[in-house]
Amino acid sequence: MGLKGYIKLQRTIQESWIWNDYRFKWWLIILLNVNHAQTKVSVANIIYDCRPGQSFRSIENWATLMGCAKSTVDKFFDLLQRDDMIKRETIGKGKRRKHLLTVVNWTKYQAKGNGKETVNERKLIPNNNENNDNKLFEHFWDLYDKKIGKQKCIKLWQKLSKDEIEKIMVHFPKYVESTQEKQFRMHPSTYLNGKCWNDEIISIAPKESKQEKINRQLLKP
């Protein structure tokens, strides 16, 4: 049976790093597929309450909904949890275990009301109004995954405008994807200092090893 009803979406989500992120659709899939009313779920002969904003689903099931690999879903959930957007728990053991996902403050923002909120109350979206927001920087630092010169990067990050940060959050995941071999990826401080989020992304192929070069020459007619 298909899901019915609707969800509320705050306009301020446009200020979030996830708004321009290629995984925004996955965030919407989570919001659309968690419970809208309390239900009971049996896990290993124990009855659990599954409250609004929660979902008992396996990683495999979420991967099917999002159309990606299980490992990709797991990394995405870790990112959301670090930013206090969701909480995760594993209920049960072995093949009978289930994954409980909770959207933080779901009830507050989906309940009937006037829809008003204060900046510090926003939990369905991360609070990133300040240019030097630590959560956004840590997201950049973790996903960029070339841990060199962190303190220098923090100082550069603190000088960025809101508009520049928004452009970075759109650009750098694609740049990281294009340079899967980390030795070809520029230092993060170089990326920030050079305003490289304005540059065209050019995929860099891994350098051919000496043995691979010999093998290629041997295959020539």
# chains A, B, ... in the order shown; residues from 1 in each chain; ligands from 1
>>> residues_around(residues="Trp19 (chain A)", least_positions_apart="5", cutoff="10 Å", atoms="only C-alpha atoms", output="PyMOL selection string")
chain A and resi 12-14+24-25+27+125+166+169-170
>>> residues_around(residues="Leu28 (chain A)", least_positions_apart="3", cutoff="12 Å", atoms="only C-alpha atoms", output="number ranges by chain")
A: 6-9, 13, 18-19, 22-25, 31-34, 65-66, 103, 124-125
>>> closest_residue(among="A:Ile91, A:Ile168, A:Val176, A:Leu156", to="Ile47 (chain A)", atoms="only C-alpha atoms")
A:Ile91
>>> residues_around(residues="region 149-154 of chain A", least_positions_apart="2", cutoff="9 Å", atoms="only C-alpha atoms", output="PyMOL selection string")
chain A and resi 132+134+137+141+147+156-159+187-190+192-193
>>> closest_residue(among="A:Leu160, A:Ile59, A:Leu100, A:Ile201", to="Ser178 (chain A)", atoms="only C-alpha atoms")
A:Ile201
>>> closest_residue(among="A:Trp106, A:Phe184, A:Trp62, A:Phe140", to="Asp74 (chain A)", atoms="only C-alpha atoms")
A:Trp62
>>> closest_residue(among="A:Glu181, A:Glu138, A:Asp145, A:Glu200", to="Asp83 (chain A)", atoms="only C-alpha atoms")
A:Glu138
>>> residues_around(residues="Ile86 (chain A)", least_positions_apart="2", cutoff="8 Å", atoms="only C-alpha atoms", output="ChimeraX atom specification")
/A:77,80-81,83-84,88,101-104
>>> write_last_selection(atoms="N, CA, C and O atoms", output="short mmCIF file (atom, residue, chain, number, x, y, z; two decimals), in the first residue's frame")
data_model
loop_
_atom_site.label_atom_id
_atom_site.label_comp_id
_atom_site.auth_asym_id
_atom_site.auth_seq_id
_atom_site.Cartn_x
_atom_site.Cartn_y
_atom_site.Cartn_z
N PHE A 77 24.20 8.19 5.86
CA PHE A 77 23.59 8.21 7.18
C PHE A 77 24.59 8.68 8.24
O PHE A 77 24.23 9.42 9.16
N LEU A 80 24.74 12.45 8.02
CA LEU A 80 23.55 13.08 8.60
C LEU A 80 23.58 13.00 10.12
O LEU A 80 23.19 13.94 10.81
N GLN A 81 24.06 11.88 10.66
CA GLN A 81 24.09 11.71 12.11
C GLN A 81 25.11 12.66 12.74
O GLN A 81 24.86 13.24 13.80
N ASP A 83 25.79 15.51 11.75
CA ASP A 83 25.22 16.86 11.70
C ASP A 83 23.90 16.95 12.47
O ASP A 83 23.15 17.93 12.31
N ASP A 84 23.62 15.96 13.31
CA ASP A 84 22.42 15.94 14.17
C ASP A 84 21.12 16.04 13.37
O ASP A 84 20.13 16.60 13.85
N ARG A 88 20.68 6.91 14.67
CA ARG A 88 20.61 5.53 14.21
C ARG A 88 20.80 4.56 15.37
O ARG A 88 21.62 4.80 16.26
N LEU A 101 15.92 4.22 12.32
CA LEU A 101 16.35 5.56 11.96
C LEU A 101 15.35 6.57 12.53
O LEU A 101 14.14 6.38 12.40
N THR A 102 15.86 7.61 13.16
CA THR A 102 15.02 8.66 13.73
C THR A 102 15.43 10.01 13.16
O THR A 102 16.60 10.39 13.23
N VAL A 103 14.47 10.74 12.58
CA VAL A 103 14.72 12.10 12.12
C VAL A 103 14.63 13.02 13.34
O VAL A 103 13.61 13.04 14.04
N VAL A 104 15.69 13.77 13.60
CA VAL A 104 15.75 14.62 14.79
C VAL A 104 14.67 15.70 14.73
O VAL A 104 14.50 16.38 13.72
#
>>> select_by_dssp(residues="region 131-196 of chain A", states="alpha helix (DSSP H)", output="MDAnalysis selection string")
chainID A and resid 134:144 150:158 162:178 188:193
>>> closest_residue(among="A:Leu143, A:Cys196, A:Leu79, A:Ala37", to="Gly53 (chain A)", atoms="only C-alpha atoms")
A:Ala37
